[in-house]
Amino acid sequence: MTAPAKGDPSSYFPAIEKKYGRPVQEWIGLIDSSPLTRHMEIVGWLKTEHGLGHGHANALVAHTLAGRK
């Protein structure tokens with residue numbers, strides 16, 4: 001298995017799981033269940049309500065929203 005390319009949001013996933021102690025699928029589920037729909041709104045929500053750093057929140061949101069297309 002190869003590592004995700006640099007710039008690929010999933011390249012942050014191992015660090016997110018290690019730092020916040022929750023699997024990425026759980027974060028994706030939270031994002032999917034949120035009534036928010038705009039990228040930066042969701043990023044802000046993850047930062048304020050769940051304590052994620054900007055880069056980690058941004059990576060999770062980018063990956064999740066890209067999967068909806």
# chains A, B, ... in the order shown; residues from 1 in each chain; ligands from 1
$ residues_around --residues "stretch 36-46 of chain A" --least-positions-apart "2" --cutoff "8 Å" --atoms "only C-alpha atoms" --output "list in words"
Ile31, Ser34, Thr48, Glu49, His50, Gly51, Leu52, His54, Ala57, Asn58, Val61, Ala62 and Leu65 of chain A
$ select_by_dssp --residues "chain A" --states "helix (DSSP H, G or I)" --output "ChimeraX atom specification"
/A:9-20,24-33,39-50,54-68
$ atom_distance --atom1 "atom CA of A:Gly55" --atom2 "atom CA of A:Lys69"
21.7 Å
$ atom_distance --atom1 "atom CA of A:Ser11" --atom2 "atom CA of A:Ser33"
23.2 Å
$ atom_distance --atom1 "atom CA of A:Asp32" --atom2 "atom CA of A:Tyr12"
18.7 Å
$ decode --residues "stretch 11-56 of chain A" --atoms "N, CA and C atoms" --output "PDB file, in the first residue's frame"
ATOM      1  N   SER A  11      -3.783  12.305   3.778  1.00  0.00           N
ATOM      2  CA  SER A  11      -2.435  12.183   4.337  1.00  0.00           C
ATOM      3  C   SER A  11      -2.398  12.647   5.793  1.00  0.00           C
ATOM      4  N   TYR A  12      -3.393  13.415   6.215  1.00  0.00           N
ATOM      5  CA  TYR A  12      -3.482  13.892   7.595  1.00  0.00           C
ATOM      6  C   TYR A  12      -4.151  12.882   8.525  1.00  0.00           C
ATOM      7  N   PHE A  13      -4.814  11.889   7.987  1.00  0.00           N
ATOM      8  CA  PHE A  13      -5.654  11.008   8.802  1.00  0.00           C
ATOM      9  C   PHE A  13      -4.920  10.292   9.934  1.00  0.00           C
ATOM     10  N   PRO A  14      -3.740   9.722   9.715  1.00  0.00           N
ATOM     11  CA  PRO A  14      -3.058   9.067  10.840  1.00  0.00           C
ATOM     12  C   PRO A  14      -2.770  10.033  11.994  1.00  0.00           C
ATOM     13  N   ALA A  15      -2.359  11.252  11.668  1.00  0.00           N
ATOM     14  CA  ALA A  15      -2.069  12.243  12.709  1.00  0.00           C
ATOM     15  C   ALA A  15      -3.343  12.675  13.429  1.00  0.00           C
ATOM     16  N   ILE A  16      -4.442  12.792  12.693  1.00  0.00           N
ATOM     17  CA  ILE A  16      -5.727  13.170  13.295  1.00  0.00           C
ATOM     18  C   ILE A  16      -6.159  12.102  14.287  1.00  0.00           C
ATOM     19  N   GLU A  17      -6.101  10.847  13.874  1.00  0.00           N
ATOM     20  CA  GLU A  17      -6.512   9.757  14.763  1.00  0.00           C
ATOM     21  C   GLU A  17      -5.627   9.702  16.011  1.00  0.00           C
ATOM     22  N   LYS A  18      -4.340   9.895  15.832  1.00  0.00           N
ATOM     23  CA  LYS A  18      -3.419   9.844  16.963  1.00  0.00           C
ATOM     24  C   LYS A  18      -3.648  11.013  17.919  1.00  0.00           C
ATOM     25  N   LYS A  19      -3.799  12.208  17.381  1.00  0.00           N
ATOM     26  CA  LYS A  19      -3.911  13.400  18.228  1.00  0.00           C
ATOM     27  C   LYS A  19      -5.253  13.482  18.952  1.00  0.00           C
ATOM     28  N   TYR A  20      -6.343  13.126  18.278  1.00  0.00           N
ATOM     29  CA  TYR A  20      -7.669  13.334  18.856  1.00  0.00           C
ATOM     30  C   TYR A  20      -8.321  12.051  19.370  1.00  0.00           C
ATOM     31  N   GLY A  21      -7.703  10.908  19.110  1.00  0.00           N
ATOM     32  CA  GLY A  21      -8.167   9.651  19.686  1.00  0.00           C
ATOM     33  C   GLY A  21      -9.486   9.125  19.140  1.00  0.00           C
ATOM     34  N   ARG A  22      -9.870   9.581  17.979  1.00  0.00           N
ATOM     35  CA  ARG A  22     -11.112   9.114  17.356  1.00  0.00           C
ATOM     36  C   ARG A  22     -10.798   8.697  15.921  1.00  0.00           C
ATOM     37  N   PRO A  23     -11.426   7.631  15.441  1.00  0.00           N
ATOM     38  CA  PRO A  23     -11.193   7.220  14.056  1.00  0.00           C
ATOM     39  C   PRO A  23     -11.739   8.247  13.069  1.00  0.00           C
ATOM     40  N   VAL A  24     -11.123   8.323  11.928  1.00  0.00           N
ATOM     41  CA  VAL A  24     -11.533   9.277  10.894  1.00  0.00           C
ATOM     42  C   VAL A  24     -12.998   9.063  10.505  1.00  0.00           C
ATOM     43  N   GLN A  25     -13.441   7.819  10.449  1.00  0.00           N
ATOM     44  CA  GLN A  25     -14.843   7.564  10.080  1.00  0.00           C
ATOM     45  C   GLN A  25     -15.800   8.225  11.058  1.00  0.00           C
ATOM     46  N   GLU A  26     -15.416   8.319  12.310  1.00  0.00           N
ATOM     47  CA  GLU A  26     -16.256   8.998  13.294  1.00  0.00           C
ATOM     48  C   GLU A  26     -16.343  10.494  12.990  1.00  0.00           C
ATOM     49  N   TRP A  27     -15.212  11.100  12.623  1.00  0.00           N
ATOM     50  CA  TRP A  27     -15.217  12.517  12.262  1.00  0.00           C
ATOM     51  C   TRP A  27     -16.067  12.743  11.019  1.00  0.00           C
ATOM     52  N   ILE A  28     -15.927  11.851  10.040  1.00  0.00           N
ATOM     53  CA  ILE A  28     -16.719  11.979   8.814  1.00  0.00           C
ATOM     54  C   ILE A  28     -18.211  11.861   9.136  1.00  0.00           C
ATOM     55  N   GLY A  29     -18.553  10.958  10.025  1.00  0.00           N
ATOM     56  CA  GLY A  29     -19.947  10.816  10.451  1.00  0.00           C
ATOM     57  C   GLY A  29     -20.472  12.080  11.105  1.00  0.00           C
ATOM     58  N   LEU A  30     -19.646  12.718  11.941  1.00  0.00           N
ATOM     59  CA  LEU A  30     -20.044  13.981  12.565  1.00  0.00           C
ATOM     60  C   LEU A  30     -20.288  15.061  11.515  1.00  0.00           C
ATOM     61  N   ILE A  31     -19.385  15.138  10.555  1.00  0.00           N
ATOM     62  CA  ILE A  31     -19.531  16.131   9.488  1.00  0.00           C
ATOM     63  C   ILE A  31     -20.799  15.854   8.690  1.00  0.00           C
ATOM     64  N   ASP A  32     -21.022  14.597   8.349  1.00  0.00           N
ATOM     65  CA  ASP A  32     -22.214  14.238   7.574  1.00  0.00           C
ATOM     66  C   ASP A  32     -23.505  14.514   8.329  1.00  0.00           C
ATOM     67  N   SER A  33     -23.475  14.402   9.652  1.00  0.00           N
ATOM     68  CA  SER A  33     -24.698  14.633  10.434  1.00  0.00           C
ATOM     69  C   SER A  33     -24.911  16.107  10.775  1.00  0.00           C
ATOM     70  N   SER A  34     -23.923  16.935  10.500  1.00  0.00           N
ATOM     71  CA  SER A  34     -24.043  18.361  10.791  1.00  0.00           C
ATOM     72  C   SER A  34     -25.009  19.021   9.806  1.00  0.00           C
ATOM     73  N   PRO A  35     -25.806  19.970  10.282  1.00  0.00           N
ATOM     74  CA  PRO A  35     -26.682  20.702   9.364  1.00  0.00           C
ATOM     75  C   PRO A  35     -25.911  21.716   8.515  1.00  0.00           C
ATOM     76  N   LEU A  36     -24.661  21.964   8.856  1.00  0.00           N
ATOM     77  CA  LEU A  36     -23.842  22.912   8.099  1.00  0.00           C
ATOM     78  C   LEU A  36     -23.467  22.309   6.749  1.00  0.00           C
ATOM     79  N   THR A  37     -23.351  23.164   5.738  1.00  0.00           N
ATOM     80  CA  THR A  37     -23.047  22.656   4.399  1.00  0.00           C
ATOM     81  C   THR A  37     -21.829  23.323   3.759  1.00  0.00           C
ATOM     82  N   ARG A  38     -21.470  24.511   4.213  1.00  0.00           N
ATOM     83  CA  ARG A  38     -20.354  25.225   3.598  1.00  0.00           C
ATOM     84  C   ARG A  38     -19.039  24.825   4.253  1.00  0.00           C
ATOM     85  N   HIS A  39     -18.023  24.692   3.432  1.00  0.00           N
ATOM     86  CA  HIS A  39     -16.712  24.204   3.864  1.00  0.00           C
ATOM     87  C   HIS A  39     -16.207  24.926   5.117  1.00  0.00           C
ATOM     88  N   MET A  40     -16.082  26.241   5.045  1.00  0.00           N
ATOM     89  CA  MET A  40     -15.487  26.974   6.162  1.00  0.00           C
ATOM     90  C   MET A  40     -16.395  27.018   7.384  1.00  0.00           C
ATOM     91  N   GLU A  41     -17.680  26.905   7.210  1.00  0.00           N
ATOM     92  CA  GLU A  41     -18.586  26.802   8.360  1.00  0.00           C
ATOM     93  C   GLU A  41     -18.306  25.515   9.135  1.00  0.00           C
ATOM     94  N   ILE A  42     -18.140  24.433   8.390  1.00  0.00           N
ATOM     95  CA  ILE A  42     -17.876  23.138   9.029  1.00  0.00           C
ATOM     96  C   ILE A  42     -16.502  23.142   9.688  1.00  0.00           C
ATOM     97  N   VAL A  43     -15.515  23.724   9.021  1.00  0.00           N
ATOM     98  CA  VAL A  43     -14.173  23.829   9.603  1.00  0.00           C
ATOM     99  C   VAL A  43     -14.246  24.595  10.928  1.00  0.00           C
ATOM    100  N   GLY A  44     -14.925  25.719  10.934  1.00  0.00           N
ATOM    101  CA  GLY A  44     -15.067  26.515  12.152  1.00  0.00           C
ATOM    102  C   GLY A  44     -15.762  25.748  13.265  1.00  0.00           C
ATOM    103  N   TRP A  45     -16.784  24.994  12.910  1.00  0.00           N
ATOM    104  CA  TRP A  45     -17.515  24.182  13.877  1.00  0.00           C
ATOM    105  C   TRP A  45     -16.616  23.107  14.487  1.00  0.00           C
ATOM    106  N   LEU A  46     -15.837  22.426  13.656  1.00  0.00           N
ATOM    107  CA  LEU A  46     -14.922  21.408  14.174  1.00  0.00           C
ATOM    108  C   LEU A  46     -13.881  22.025  15.109  1.00  0.00           C
ATOM    109  N   LYS A  47     -13.438  23.213  14.771  1.00  0.00           N
ATOM    110  CA  LYS A  47     -12.444  23.888  15.600  1.00  0.00           C
ATOM    111  C   LYS A  47     -13.034  24.326  16.944  1.00  0.00           C
ATOM    112  N   THR A  48     -14.202  24.949  16.920  1.00  0.00           N
ATOM    113  CA  THR A  48     -14.749  25.495  18.165  1.00  0.00           C
ATOM    114  C   THR A  48     -15.445  24.444  19.018  1.00  0.00           C
ATOM    115  N   GLU A  49     -16.169  23.545  18.399  1.00  0.00           N
ATOM    116  CA  GLU A  49     -16.944  22.561  19.165  1.00  0.00           C
ATOM    117  C   GLU A  49     -16.158  21.303  19.510  1.00  0.00           C
ATOM    118  N   HIS A  50     -15.150  20.982  18.696  1.00  0.00           N
ATOM    119  CA  HIS A  50     -14.442  19.718  18.888  1.00  0.00           C
ATOM    120  C   HIS A  50     -12.940  19.879  19.095  1.00  0.00           C
ATOM    121  N   GLY A  51     -12.436  21.116  19.072  1.00  0.00           N
ATOM    122  CA  GLY A  51     -11.042  21.378  19.396  1.00  0.00           C
ATOM    123  C   GLY A  51     -10.020  20.966  18.358  1.00  0.00           C
ATOM    124  N   LEU A  52     -10.443  20.771  17.123  1.00  0.00           N
ATOM    125  CA  LEU A  52      -9.476  20.410  16.090  1.00  0.00           C
ATOM    126  C   LEU A  52      -8.690  21.642  15.652  1.00  0.00           C
ATOM    127  N   GLY A  53      -7.465  21.401  15.213  1.00  0.00           N
ATOM    128  CA  GLY A  53      -6.676  22.458  14.606  1.00  0.00           C
ATOM    129  C   GLY A  53      -7.192  22.736  13.209  1.00  0.00           C
ATOM    130  N   HIS A  54      -6.837  23.890  12.675  1.00  0.00           N
ATOM    131  CA  HIS A  54      -7.352  24.298  11.371  1.00  0.00           C
ATOM    132  C   HIS A  54      -6.995  23.306  10.260  1.00  0.00           C
ATOM    133  N   GLY A  55      -5.744  22.892  10.184  1.00  0.00           N
ATOM    134  CA  GLY A  55      -5.328  21.983   9.109  1.00  0.00           C
ATOM    135  C   GLY A  55      -6.032  20.643   9.166  1.00  0.00           C
ATOM    136  N   HIS A  56      -6.186  20.107  10.366  1.00  0.00           N
ATOM    137  CA  HIS A  56      -6.871  18.820  10.512  1.00  0.00           C
ATOM    138  C   HIS A  56      -8.346  18.948  10.171  1.00  0.00           C
TER     139      HIS A  56
END
